[in-house]
Amino acid sequence: MADSSPLPAESGLVLIGYRASGKTTVGRHLAEKLGRSFIDLDAEIERRAGRTIADIFEDEGEPAFRSLEERVLREVCREHPGVVVATGGGAILRESNRCELAKFGIIVWLSAPAEVLVRRLRLDAQQRPALTAAGLVDEVPQILKEREPSYRELADVIVDCSARSPEDVAELVVRMLRSPELALKERR
Ligand code: S3P
């Protein structure tokens, strides 16, 4: 695997995208395929804080969570060069995070339309704090619209993950890393 790796040795790989786009599962597959370690930023935040993200949101509010997220993201990027990192859906909100991630390595955006994400979030057992008071059906399109420009601008590679299994998405990402033409075609 090592000598045919499509990822330069010094480069990490970052997954960005909305909640329920599959970043953690795809990230694990990718790390295995690329022979790299995997770090889930949300899990790392919970581990370092000793609390769940839902509790942090509830006790201290979203701004406090964003500051913690910024600190952990910076530390992970600096302490673990070359790994595969799955970020939380809002990690792209702060400019300092976007700069840190862009320096860290190749950025892959797992995109999906709002209705697909709403469907997945409804089925997902994971406890996620609400981002607005609007309810899922209105919240997802609204927040996705706000975030999409940042996801798109930051991404080196974009994969529509709405009708693909996490394993297929990971396979496609590896093929795109090997073939820039394929990556460009998917982006159109
Ligand atoms: C968030 C997404 C979550 C987590 C937190 C905030 C967001 O991560 O970081 O609840 O703002 O979209 P996932 O995208 O892994 O669910």
# chains A, B, ... in the order shown; residues from 1 in each chain; ligands from 1
>>> closest_atom_pairs(of="chain A", to="ligand 1", cutoff="7 Å", atoms="only C-alpha atoms and all ligand atoms", output="tab-separated table")
residue	atom	partner	partner_atom_place_in_ligand_line	distance
A:Gly17	CA	ligand 1	14 (O)	6.9
A:Tyr18	CA	ligand 1	14 (O)	5.4
A:Arg19	CA	ligand 1	14 (O)	3.5
A:Ala20	CA	ligand 1	16 (O)	6.0
A:Lys23	CA	ligand 1	15 (O)	6.9
A:Asp42	CA	ligand 1	9 (O)	5.5
A:Ile53	CA	ligand 1	10 (O)	6.1
A:Ala54	CA	ligand 1	10 (O)	6.9
A:Thr87	CA	ligand 1	15 (O)	6.4
A:Gly88	CA	ligand 1	8 (O)	3.4
A:Gly89	CA	ligand 1	14 (O)	3.5
A:Gly90	CA	ligand 1	11 (O)	3.7
A:Ala91	CA	ligand 1	9 (O)	6.9
A:Arg128	CA	ligand 1	10 (O)	5.2
A:Pro129	CA	ligand 1	10 (O)	5.5
A:Leu131	CA	ligand 1	11 (O)	6.6
>>> select_by_dssp(residues="stretch 30-106 of chain A", states="strand (DSSP E or B)", output="NGL selection string")
:A and (38-40 or 84-86 or 105-106)
>>> closest_residue(among="A:Leu68, A:Val140, A:Cys99, A:Arg178", to="A:Arg47", atoms="only C-alpha atoms")
A:Leu68
>>> select_by_dssp(residues="stretch 9-98 of chain A", states="alpha helix (DSSP H)", output="PyMOL selection string")
chain A and resi 23-34+41-49+53-60+62-79+95-98
>>> write_last_selection(atoms="N, CA and C atoms", output="compact mmCIF listing (two decimals), in the first residue's frame")
# COMPACT_ATOMS: atom_id res chain seq x y z
N LYS A 23 -19.41 11.19 7.48
CA LYS A 23 -17.98 11.51 7.61
C LYS A 23 -17.21 10.50 8.46
N THR A 24 -17.80 10.09 9.58
CA THR A 24 -17.07 9.18 10.48
C THR A 24 -16.88 7.81 9.84
N THR A 25 -17.96 7.26 9.29
CA THR A 25 -17.86 5.91 8.70
C THR A 25 -16.96 5.92 7.47
N VAL A 26 -17.15 6.92 6.61
CA VAL A 26 -16.29 7.02 5.42
C VAL A 26 -14.84 7.22 5.86
N GLY A 27 -14.64 8.05 6.87
CA GLY A 27 -13.29 8.31 7.36
C GLY A 27 -12.58 7.05 7.83
N ARG A 28 -13.31 6.20 8.54
CA ARG A 28 -12.70 4.93 9.00
C ARG A 28 -12.29 4.07 7.81
N HIS A 29 -13.18 3.96 6.81
CA HIS A 29 -12.85 3.17 5.61
C HIS A 29 -11.63 3.75 4.91
N LEU A 30 -11.63 5.08 4.78
CA LEU A 30 -10.52 5.74 4.07
C LEU A 30 -9.19 5.52 4.79
N ALA A 31 -9.23 5.66 6.12
CA ALA A 31 -8.00 5.48 6.89
C ALA A 31 -7.44 4.08 6.66
N GLU A 32 -8.34 3.11 6.64
CA GLU A 32 -7.90 1.73 6.42
C GLU A 32 -7.31 1.56 5.01
N LYS A 33 -8.01 2.11 4.03
CA LYS A 33 -7.53 1.97 2.65
C LYS A 33 -6.19 2.68 2.44
N LEU A 34 -6.00 3.79 3.14
CA LEU A 34 -4.78 4.59 2.94
C LEU A 34 -3.67 4.20 3.91
N LEU A 41 -13.13 14.12 15.14
CA LEU A 41 -12.96 15.34 15.94
C LEU A 41 -14.00 15.45 17.06
N ASP A 42 -15.26 15.09 16.76
CA ASP A 42 -16.29 15.18 17.81
C ASP A 42 -15.96 14.23 18.98
N ALA A 43 -15.51 13.02 18.63
CA ALA A 43 -15.16 12.06 19.70
C ALA A 43 -13.98 12.58 20.51
N GLU A 44 -13.05 13.23 19.82
CA GLU A 44 -11.87 13.78 20.50
C GLU A 44 -12.27 14.94 21.42
N ILE A 45 -13.22 15.76 20.97
CA ILE A 45 -13.72 16.86 21.81
C ILE A 45 -14.37 16.27 23.07
N GLU A 46 -15.19 15.25 22.88
CA GLU A 46 -15.88 14.64 24.04
C GLU A 46 -14.87 14.00 24.98
N ARG A 47 -13.86 13.35 24.41
CA ARG A 47 -12.85 12.69 25.25
C ARG A 47 -12.09 13.74 26.07
N ARG A 48 -11.66 14.81 25.40
CA ARG A 48 -10.86 15.82 26.12
C ARG A 48 -11.70 16.61 27.12
N ALA A 49 -13.00 16.82 26.80
CA ALA A 49 -13.87 17.59 27.70
C ALA A 49 -14.45 16.71 28.80
N ILE A 53 -21.14 16.14 23.57
CA ILE A 53 -21.37 17.41 22.89
C ILE A 53 -22.75 17.95 23.25
N ALA A 54 -23.73 17.05 23.35
CA ALA A 54 -25.08 17.49 23.73
C ALA A 54 -25.04 18.20 25.09
N ASP A 55 -24.27 17.67 26.03
CA ASP A 55 -24.16 18.31 27.36
C ASP A 55 -23.45 19.66 27.27
N ILE A 56 -22.41 19.73 26.45
CA ILE A 56 -21.68 21.01 26.32
C ILE A 56 -22.63 22.08 25.76
N PHE A 57 -23.39 21.71 24.72
CA PHE A 57 -24.37 22.66 24.14
C PHE A 57 -25.36 23.09 25.21
N GLU A 58 -25.85 22.10 25.97
CA GLU A 58 -26.91 22.41 26.93
C GLU A 58 -26.40 23.28 28.09
N ASP A 59 -25.21 22.93 28.60
CA ASP A 59 -24.70 23.64 29.79
C ASP A 59 -24.08 24.99 29.44
N GLU A 60 -23.39 25.06 28.29
CA GLU A 60 -22.61 26.28 28.03
C GLU A 60 -23.01 27.00 26.74
N GLU A 62 -23.82 27.04 22.30
CA GLU A 62 -23.04 26.75 21.09
C GLU A 62 -21.72 27.54 21.01
N PRO A 63 -21.69 28.84 21.37
CA PRO A 63 -20.41 29.56 21.24
C PRO A 63 -19.28 28.90 22.03
N ALA A 64 -19.59 28.41 23.24
CA ALA A 64 -18.55 27.75 24.05
C ALA A 64 -18.10 26.46 23.35
N PHE A 65 -19.07 25.73 22.77
CA PHE A 65 -18.70 24.52 22.03
C PHE A 65 -17.78 24.87 20.85
N ARG A 66 -18.11 25.96 20.13
CA ARG A 66 -17.29 26.33 18.96
C ARG A 66 -15.86 26.68 19.37
N SER A 67 -15.70 27.29 20.53
CA SER A 67 -14.34 27.64 20.98
C SER A 67 -13.56 26.37 21.33
N LEU A 68 -14.25 25.43 21.97
CA LEU A 68 -13.61 24.15 22.29
C LEU A 68 -13.25 23.41 21.00
N GLU A 69 -14.18 23.41 20.06
CA GLU A 69 -13.96 22.74 18.77
C GLU A 69 -12.74 23.34 18.07
N GLU A 70 -12.63 24.68 18.12
CA GLU A 70 -11.50 25.35 17.47
C GLU A 70 -10.18 24.92 18.12
N ARG A 71 -10.18 24.86 19.45
CA ARG A 71 -8.94 24.50 20.14
C ARG A 71 -8.53 23.05 19.84
N VAL A 72 -9.51 22.14 19.92
CA VAL A 72 -9.19 20.72 19.70
C VAL A 72 -8.78 20.49 18.25
N LEU A 73 -9.47 21.16 17.32
CA LEU A 73 -9.12 21.01 15.89
C LEU A 73 -7.67 21.43 15.67
N ARG A 74 -7.30 22.58 16.24
CA ARG A 74 -5.92 23.06 16.04
C ARG A 74 -4.92 22.08 16.63
N GLU A 75 -5.22 21.59 17.85
CA GLU A 75 -4.29 20.66 18.50
C GLU A 75 -4.16 19.35 17.73
N VAL A 76 -5.30 18.82 17.29
CA VAL A 76 -5.28 17.55 16.54
C VAL A 76 -4.45 17.72 15.26
N CYS A 77 -4.70 18.82 14.53
CA CYS A 77 -3.97 19.03 13.28
C CYS A 77 -2.47 19.14 13.53
N ARG A 78 -2.11 19.78 14.63
CA ARG A 78 -0.66 19.97 14.89
C ARG A 78 -0.02 18.74 15.49
N GLU A 79 -0.79 17.99 16.29
CA GLU A 79 -0.21 16.82 16.98
C GLU A 79 -0.20 15.57 16.09
N GLU A 95 -13.06 30.98 10.50
CA GLU A 95 -12.01 31.12 9.48
C GLU A 95 -10.71 30.46 9.94
N SER A 96 -10.40 30.57 11.22
CA SER A 96 -9.16 29.96 11.72
C SER A 96 -9.19 28.44 11.49
N ASN A 97 -10.37 27.82 11.63
CA ASN A 97 -10.48 26.38 11.38
C ASN A 97 -10.26 26.08 9.89
N ARG A 98 -10.87 26.92 9.05
CA ARG A 98 -10.72 26.67 7.61
C ARG A 98 -9.25 26.76 7.20
>>> closest_residue(among="A:Ile92, A:Ile16, A:Leu121, A:Ala163", to="A:Ser150", atoms="only C-alpha atoms")
A:Ile92
>>> closest_residue(among="A:Leu110, A:Ser162, A:Arg119, A:Val157", to="A:Arg175", atoms="only C-alpha atoms")
A:Val157
>>> atom_distance(atom1="atom CA of A:Val116", atom2="atom CA of A:Leu93")
21.9 Å
>>> closest_residue(among="A:Arg147, A:Ser4, A:Ser165, A:Val14", to="A:Lys103", atoms="only C-alpha atoms")
A:Val14
